[in-house]
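Asker: Contents of upload-v9.cif (mmCIF, C-alpha atoms) are below:
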data_work
loop_
_atom_site.label_atom_id
_atom_site.label_comp_id
_atom_site.auth_asym_id
_atom_site.auth_seq_id
_atom_site.Cartn_x
_atom_site.Cartn_y
_atom_site.Cartn_z
CA MET A 1 167.53 81.33 97.77
CA GLY A 2 169.10 84.45 99.13
CA ALA A 3 167.24 86.50 96.57
CA TRP A 4 163.95 84.87 97.54
CA ARG A 5 164.63 85.53 101.23
CA LYS A 6 165.43 89.14 100.44
CA LEU A 7 162.23 89.52 98.39
CA ALA A 8 160.13 87.96 101.14
CA PHE A 9 161.67 90.27 103.71
CA SER A 10 161.10 93.27 101.50
CA GLY A 11 157.48 92.24 101.01
CA LEU A 12 157.00 91.91 104.75
CA ALA A 13 158.54 95.29 105.28
CA VAL A 14 156.21 96.82 102.72
CA LEU A 15 153.23 95.11 104.34
CA LEU A 16 154.10 96.46 107.78
CA PHE A 17 154.68 99.91 106.36
CA GLY A 18 151.33 99.84 104.62
CA THR A 19 149.56 98.89 107.87
CA CYS A 20 151.16 101.70 109.80
CA ALA A 21 150.32 104.20 107.08
CA GLY A 22 146.71 103.04 107.07
CA MET A 23 146.42 103.50 110.83
CA SER A 24 147.89 106.97 110.54
CA GLN A 25 145.55 107.86 107.69
CA ASN A 26 142.50 106.72 109.67
CA ALA A 27 143.52 108.80 112.62
CA THR A 28 143.95 111.96 110.54
CA ASP A 29 141.00 111.58 108.14
CA PRO A 30 138.14 113.45 109.84
CA LEU A 31 135.56 112.21 107.33
CA LYS A 32 136.31 108.54 107.96
CA ALA A 33 136.71 109.08 111.69
CA GLY A 34 133.35 110.86 111.78
CA PHE A 35 131.76 108.01 109.87
CA ASP A 36 133.21 105.38 112.23
CA ASN A 37 132.27 107.36 115.32
CA PRO A 38 129.84 110.17 114.37
CA PRO A 39 129.30 113.10 116.71
CA ASN A 40 126.05 113.15 118.62
CA GLY A 41 124.54 115.74 116.29
CA ALA A 42 124.90 113.33 113.36
CA ARG A 43 123.53 110.23 115.08
CA PRO A 44 119.98 109.11 114.23
CA ARG A 45 116.99 109.79 116.44
CA VAL A 46 113.94 107.55 116.79
CA TRP A 47 110.30 107.90 117.73
CA TRP A 48 109.73 106.40 121.15
CA HIS A 49 106.02 105.64 121.43
CA TRP A 50 104.42 105.19 124.84
CA MET A 51 101.36 103.23 123.79
CA ASN A 52 98.20 103.55 125.88
CA GLY A 53 99.96 103.77 129.23
CA ASN A 54 101.97 100.55 128.81
CA ILE A 55 104.91 102.07 130.67
CA SER A 56 107.16 100.93 133.51
CA GLU A 57 110.44 102.24 134.87
CA ASP A 58 112.10 98.88 134.13
CA GLY A 59 110.96 99.14 130.52
CA ILE A 60 112.13 102.76 130.29
CA LYS A 61 115.58 101.76 131.57
CA LEU A 62 115.89 98.87 129.13
CA ASP A 63 114.79 100.98 126.18
CA LEU A 64 117.09 103.92 126.88
CA GLU A 65 120.12 101.76 127.65
CA TRP A 66 119.54 99.93 124.37
CA MET A 67 119.31 103.22 122.46
CA HIS A 68 122.58 104.32 124.02
CA ARG A 69 124.26 100.97 123.41
CA ILE A 70 123.55 100.84 119.67
CA GLY A 71 124.67 104.44 119.13
CA LEU A 72 121.49 106.45 118.75
CA GLY A 73 121.71 110.16 119.44
CA GLY A 74 118.28 110.59 121.00
CA PHE A 75 114.56 110.15 120.63
CA GLN A 76 111.22 111.89 120.36
CA ASN A 77 108.77 110.81 123.03
CA PHE A 78 105.27 110.33 121.64
CA ASP A 79 102.26 109.36 123.76
CA ALA A 80 99.59 107.55 121.75
CA ALA A 81 96.94 104.86 122.17
CA LEU A 82 95.23 103.42 119.05
CA GLN A 83 93.32 100.96 121.28
CA THR A 84 96.52 99.17 122.30
CA PRO A 85 95.66 96.47 124.89
CA GLN A 86 97.08 96.69 128.41
CA VAL A 87 100.23 94.58 128.83
CA VAL A 88 101.61 96.05 132.08
CA LYS A 89 100.32 95.46 135.59
CA THR A 90 99.40 99.11 136.11
CA ARG A 91 98.65 101.32 133.14
CA LEU A 92 99.99 104.88 133.46
CA ALA A 93 97.41 107.21 131.91
CA TYR A 94 98.73 110.35 130.24
CA MET A 95 99.45 113.29 132.60
CA THR A 96 98.52 111.45 135.79
CA PRO A 97 101.00 111.88 138.68
CA GLU A 98 102.30 108.35 138.04
CA TRP A 99 102.83 109.13 134.35
CA LYS A 100 104.66 112.36 135.22
CA HIS A 101 106.93 110.50 137.64
CA ALA A 102 107.83 107.97 134.93
CA PHE A 103 108.45 110.74 132.43
CA LYS A 104 110.75 112.55 134.85
CA TYR A 105 112.66 109.31 135.38
CA ALA A 106 113.02 108.88 131.60
CA THR A 107 114.23 112.46 131.20
CA THR A 108 116.82 112.13 133.99
CA LEU A 109 118.15 108.82 132.66
CA ALA A 110 118.30 110.11 129.08
CA ASP A 111 120.36 113.06 130.27
CA GLN A 112 122.74 110.76 132.13
CA LEU A 113 123.21 108.66 128.98
CA GLY A 114 123.76 111.70 126.77
CA LEU A 115 120.60 111.10 124.71
CA GLU A 116 118.80 114.09 123.26
CA GLU A 117 115.13 114.15 124.26
CA ALA A 118 112.40 115.69 122.13
CA ILE A 119 108.73 115.79 123.12
CA ALA A 120 105.76 115.69 120.76
CA GLY A 121 103.64 118.82 121.09
CA SER A 122 100.54 116.82 122.00
CA PRO A 123 99.33 113.37 122.96
CA GLY A 124 97.99 111.17 120.18
CA TRP A 125 97.28 112.95 116.92
CA SER A 126 95.46 116.02 118.28
CA GLU A 127 98.15 118.44 117.03
CA SER A 128 97.09 121.23 119.36
CA GLY A 129 97.12 119.80 122.85
CA GLY A 130 94.05 117.98 124.08
CA PRO A 131 90.49 118.41 125.32
CA TRP A 132 91.76 120.46 128.25
CA VAL A 133 92.89 123.19 125.82
CA PRO A 134 90.06 125.72 125.29
CA GLY A 135 89.11 126.48 121.72
CA SER A 136 90.40 130.04 122.03
CA ASN A 137 93.94 128.67 122.58
CA GLY A 138 93.84 125.87 120.04
CA MET A 139 94.71 125.78 116.35
CA LYS A 140 92.46 128.00 114.27
CA LYS A 141 91.39 128.56 110.68
CA TYR A 142 90.21 131.65 108.82
CA VAL A 143 86.63 131.50 107.57
CA TRP A 144 84.69 134.04 105.53
CA SER A 145 81.36 134.89 104.01
CA GLU A 146 80.25 137.31 101.31
CA THR A 147 77.32 139.69 101.23
CA VAL A 148 76.60 141.58 98.00
CA ILE A 149 74.98 144.98 98.53
CA GLU A 150 74.09 147.87 96.27
CA GLY A 151 76.64 150.65 96.39
CA GLY A 152 76.04 154.37 96.70
CA LYS A 153 73.61 154.20 99.60
CA ALA A 154 73.51 153.21 103.23
CA PHE A 155 73.19 149.52 104.05
CA HIS A 156 70.85 148.48 106.85
CA GLY A 157 70.94 144.75 107.32
CA LYS A 158 72.87 141.79 108.63
CA LEU A 159 75.99 140.44 106.98
CA THR A 160 76.02 136.75 106.17
CA HIS A 161 77.72 134.95 109.05
CA PRO A 162 80.86 132.91 108.28
CA PRO A 163 81.00 129.23 109.29
CA THR A 164 81.59 128.62 113.00
CA ASN A 165 82.22 124.88 113.19
CA THR A 166 85.54 123.21 113.90
CA GLY A 167 87.04 121.60 110.82
CA ALA A 168 89.67 121.89 108.13
CA PHE A 169 88.14 124.49 105.79
CA GLN A 170 85.07 126.74 105.83
CA ASN A 171 82.09 124.63 107.00
CA LEU A 172 83.72 121.26 106.38
CA THR A 173 83.39 119.16 109.52
CA ILE A 174 85.96 116.78 110.97
CA HIS A 175 86.03 113.49 109.07
CA ASP A 176 88.01 111.13 111.28
CA MET A 177 88.17 107.43 110.44
CA LEU A 178 89.09 106.72 114.07
CA ALA A 179 86.14 107.92 116.12
CA ALA A 180 86.79 109.29 119.60
CA PRO A 181 86.16 106.79 122.41
CA ALA A 182 82.82 106.91 124.17
CA GLY A 183 82.72 109.53 126.90
CA SER A 184 85.35 111.76 125.26
CA ALA A 185 85.04 115.51 125.68
CA PRO A 186 83.23 117.22 122.79
CA THR A 187 85.24 118.95 120.09
CA PRO A 188 86.02 122.54 121.19
CA GLU A 189 84.25 125.29 119.28
CA PHE A 190 85.45 128.88 118.96
CA TYR A 191 84.54 131.83 116.75
CA ALA A 192 85.55 135.49 116.76
CA ASP A 193 85.19 138.26 114.18
CA SER A 194 88.44 139.35 112.58
CA ALA A 195 87.68 141.98 109.93
CA VAL A 196 85.05 143.33 107.57
CA VAL A 197 86.36 144.26 104.14
CA ALA A 198 84.30 146.26 101.63
CA TYR A 199 85.39 146.54 98.01
CA ARG A 200 83.88 147.53 94.69
CA ARG A 201 83.12 144.66 92.36
CA THR A 202 84.12 145.01 88.73
CA PRO A 203 81.40 144.70 86.08
CA ALA A 204 82.91 141.36 85.03
CA ASP A 205 82.66 139.95 88.58
CA GLN A 206 79.30 138.24 88.31
CA PRO A 207 77.89 135.28 90.22
CA VAL A 208 77.22 132.28 88.05
CA GLU A 209 73.49 132.61 88.70
CA ALA A 210 73.49 135.99 86.93
CA LEU A 211 74.92 134.42 83.78
CA HIS A 212 71.82 132.23 83.25
CA ALA A 213 73.76 129.08 82.50
CA VAL A 214 71.96 125.82 81.70
CA ILE A 215 73.48 123.24 84.04
CA THR A 216 73.36 119.54 83.14
CA SER A 217 75.15 116.45 84.40
CA SER A 218 75.93 112.89 83.40
CA GLY A 219 74.36 111.92 86.72
CA GLY A 220 70.91 112.92 85.54
CA THR A 221 68.95 115.33 87.70
CA THR A 222 71.38 117.73 89.37
CA ASP A 223 70.60 120.11 92.20
CA ALA A 224 72.35 123.05 90.59
CA ALA A 225 71.86 125.28 93.65
CA MET A 226 74.22 123.06 95.64
CA LEU A 227 77.03 123.85 93.20
CA SER A 228 77.26 127.49 94.25
CA ASP A 229 75.65 127.84 97.69
CA GLY A 230 78.95 127.83 99.57
CA ASP A 231 77.96 124.76 101.63
CA LEU A 232 80.81 122.29 101.24
CA GLU A 233 79.14 119.49 103.19
CA LYS A 234 75.99 119.08 101.11
CA THR A 235 76.83 117.57 97.75
CA THR A 236 75.09 116.69 94.53
CA LYS A 237 75.83 113.25 93.16
CA VAL A 238 77.88 112.56 90.06
CA PRO A 239 78.61 108.86 89.52
CA ILE A 240 82.21 107.68 89.32
CA PRO A 241 82.61 106.63 85.67
CA GLU A 242 83.51 103.18 84.46
CA PRO A 243 87.11 102.71 83.29
CA GLY A 244 87.59 104.54 80.03
CA ALA A 245 84.42 106.64 80.44
CA ILE A 246 83.83 110.10 81.89
CA SER A 247 81.30 111.77 84.15
CA TRP A 248 80.66 115.48 83.83
CA ILE A 249 78.88 118.62 84.93
CA GLN A 250 78.30 121.10 82.12
CA TYR A 251 77.58 124.83 82.25
CA GLU A 252 76.11 126.09 78.97
CA PHE A 253 76.15 129.89 78.76
CA PRO A 254 74.02 131.87 76.30
CA SER A 255 77.09 133.86 75.27
CA PRO A 256 80.88 133.40 75.58
CA GLN A 257 82.20 134.00 79.12
CA ALA A 258 85.67 134.52 80.59
CA ILE A 259 86.02 132.23 83.64
CA ARG A 260 88.70 133.57 85.98
CA SER A 261 88.70 130.88 88.67
CA VAL A 262 87.04 127.65 89.74
CA THR A 263 86.48 126.40 93.28
CA PHE A 264 85.49 122.77 93.64
CA VAL A 265 85.03 120.29 96.47
CA THR A 266 84.55 116.58 95.82
CA LYS A 267 83.72 113.77 98.19
CA ASP A 268 86.25 111.18 97.11
CA PRO A 269 86.48 107.61 98.46
CA ASP A 270 88.28 107.50 101.81
CA MET A 271 91.30 105.33 102.55
CA ILE A 272 89.26 102.37 103.78
CA ALA A 273 87.01 102.38 100.69
CA SER A 274 90.07 102.62 98.50
CA LEU A 275 91.69 99.63 100.18
CA VAL A 276 88.59 97.43 100.44
CA ALA A 277 86.76 98.21 97.19
CA GLY A 278 89.69 99.41 95.13
CA ALA A 279 87.87 102.68 94.42
CA GLY A 280 90.17 105.59 93.76
CA ALA A 281 89.57 109.30 93.30
CA PRO A 282 88.97 110.01 89.61
CA GLU A 283 90.95 112.58 87.69
CA LYS A 284 89.22 115.94 87.32
CA LYS A 285 89.56 118.34 84.41
CA LEU A 286 88.16 121.67 83.31
CA GLU A 287 87.33 121.77 79.61
CA ALA A 288 85.80 124.41 77.32
CA SER A 289 83.94 124.28 74.04
CA ASP A 290 82.72 126.80 71.46
CA ASP A 291 80.08 124.56 69.96
CA GLY A 292 79.14 122.08 72.70
CA GLN A 293 80.61 119.22 70.69
CA THR A 294 84.38 119.58 70.61
CA PHE A 295 86.06 120.28 73.96
CA ARG A 296 89.57 121.43 74.73
CA LEU A 297 91.45 121.04 78.02
CA VAL A 298 91.77 124.20 80.10
CA ALA A 299 93.32 122.83 83.31
CA GLU A 300 93.86 119.69 85.36
CA LEU A 301 91.96 120.08 88.65
CA THR A 302 94.29 118.59 91.24
CA GLY A 303 94.21 118.56 95.02
#
How does the structure come out when it is put into C-alpha cells?

Answerer:
Amino acid sequence: MGAWRKLAFSGLAVLLFGTCAGMSQNATDPLKAGFDNPPNGARPRVWWHWMNGNISEDGIKLDLEWMHRIGLGGFQNFDAALQTPQVVKTRLAYMTPEWKHAFKYATTLADQLGLEEAIAGSPGWSESGGPWVPGSNGMKKYVWSETVIEGGKAFHGKLTHPPTNTGAFQNLTIHDMLAAPAGSAPTPEFYADSAVVAYRRTPADQPVEALHAVITSSGGTTDAAMLSDGDLEKTTKVPIPEPGAISWIQYEFPSPQAIRSVTFVTKDPDMIASLVAGAGAPEKKLEASDDGQTFRLVAELTG
C-alpha cells in the first residue's frame, strides 16, 4: 500500500509540474501568445456597408461595439444602395449634412474603440467618385486612331479622330446590367489630344483589305467590312454552335501570308443570359491551313 501511495503522490507531483511548465511555456511562446491574442495589425477587417441611407447612430454604436467585442481589428466603410428598401425612420442620403454627422460619429467611436477605419474611394461602384466629379478629373482611358498617308510629300488633310465616348476600351460604350435610376446625372464625357506619332510602315505591314482575302462564315452572309472598320460596337453575327460543332470566319488569301497579330472583339452572353439560359461564351481559336481542308491550331484566343 505504501508503494501505491508513493506512486500516486509521484504522479500528482508530475501532473502539477506539467501544468506549471505548460503555463510557463504559453507565456514565453510568442507564436502561441500571438495566436491567442493577436496584435491589432493581424486581426481581420470587414466591409461595413451602409445600404441606401439605412443608418442611425444607435445602429452605428451597436455595430462598432460588436466588432470590438468579437476581436475585429477594423473595417472598411462602403456606401452603397442596390435598391435596398428603407428600414429606418429617416434615411440619411450620402454626403448630406445628416450623413456627414453620422459618419463623424462613427469615426470618433471607432477611434475610441481602437478600430482601424478605412473608407472606400467612392460611393456605390462608381470607382472614381460620383456624378459631381467632372470628366476631366475622373478615371480615363487612352484611345487612338490611325490615318495612312503617302510618305515623301506634304499632307494636307484631317487625321481620323479617336473615339470620344466614355467606356472601357476604344469606342465600346458602358454595358451596365444595373441601369442608373431615373433622373440620374448623365455619364461625364471628356476628350483631349495627347500625342500624334508618325512612323514609317514596313512593306509587310498591310491592311487586310490590301491582301484581297475571300471572307466567308458559317453564319452565311457576313458583312466583312465590319470585321476591320475599327468599330467595336457594331458586330456581324456568327451563330453559337451546337455542342460538338464549330462556327467559323475564314480568310482565304490568294497567296501565303504571315499574320503577326489578331485583334478580336466578341459579344458574348452576359451574366444574366448565362444564368437563365445556360448560354456560355464559346472557346475561340485561330487556325491555319495550307490547302483549305486540313487546319492546324495556331493559338487559343482567350480573354

Asker: To test the calculation: enclose all listed atoms of stretch 50-57 of chain A in a box whose edges run along x, y and z, add 6 Å on each side, then state centre and edge lengths in Å to one decimal, as JSON.

Answerer:
{"center_x": 104.3, "center_y": 102.9, "center_z": 129.3, "size_x": 24.2, "size_y": 16.6, "size_z": 23.1}

Asker: How many Å lie between atom CA of A:Phe264 and atom CA of A:Leu286, rounded to one decimal?

Answerer: 10.7 Å

Asker: Give me, as a ChimeraX atom specification, all polymer residues having an atom no more than 12 Å from A:Asp268, counting only C-alpha atoms and skipping those fewer than 6 positions away in the same chain.

Answerer: /A:235,237-240,274,279-284,303

Asker: Would you list the contacts of stretch 69-76 of chain A as JSON, numbers by chain, taking every protein, DNA or RNA residue within 8 Å and counting all atoms listed in the file, but skipping same-chain residues closer than 6 positions in sequence?

Answerer: {"A": [40, 41, 42, 43, 44, 45, 46, 47, 48, 114, 115, 116, 117, 118, 119, 120]}

Asker: Might you pull out every residue within 9 Å of stretch 287-291 of chain A, with only C-alpha atoms counted and same-chain residues fewer than 6 positions away left off, and present them as a VMD selection string?

Answerer: chain A and resid 256 297 to 300

Asker: Within 10 Å of stretch 206-208 of chain A, counting all atoms listed in the file, which residues qualify if same-chain residues fewer than 6 places away don't, as a ChimeraX atom specification?

Answerer: /A:227-228,251,253,259

Asker: Return the single residue from A:Asn171, A:Ala277, A:Thr84, A:Gly151 that is closest to A:Asp229, with distances computed using only C-alpha atoms.

Answerer: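 Closest to A:Asp229, using only C-alpha atoms: A:Asn171.
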
Asker: Name every residue that the PyMOL selection byres ((chain A and resi 161) around 8) selects in this structure, writing the answer as number ranges by chain with chains first and numbers rising.

Answerer: A: 144-145, 159-160, 162-163
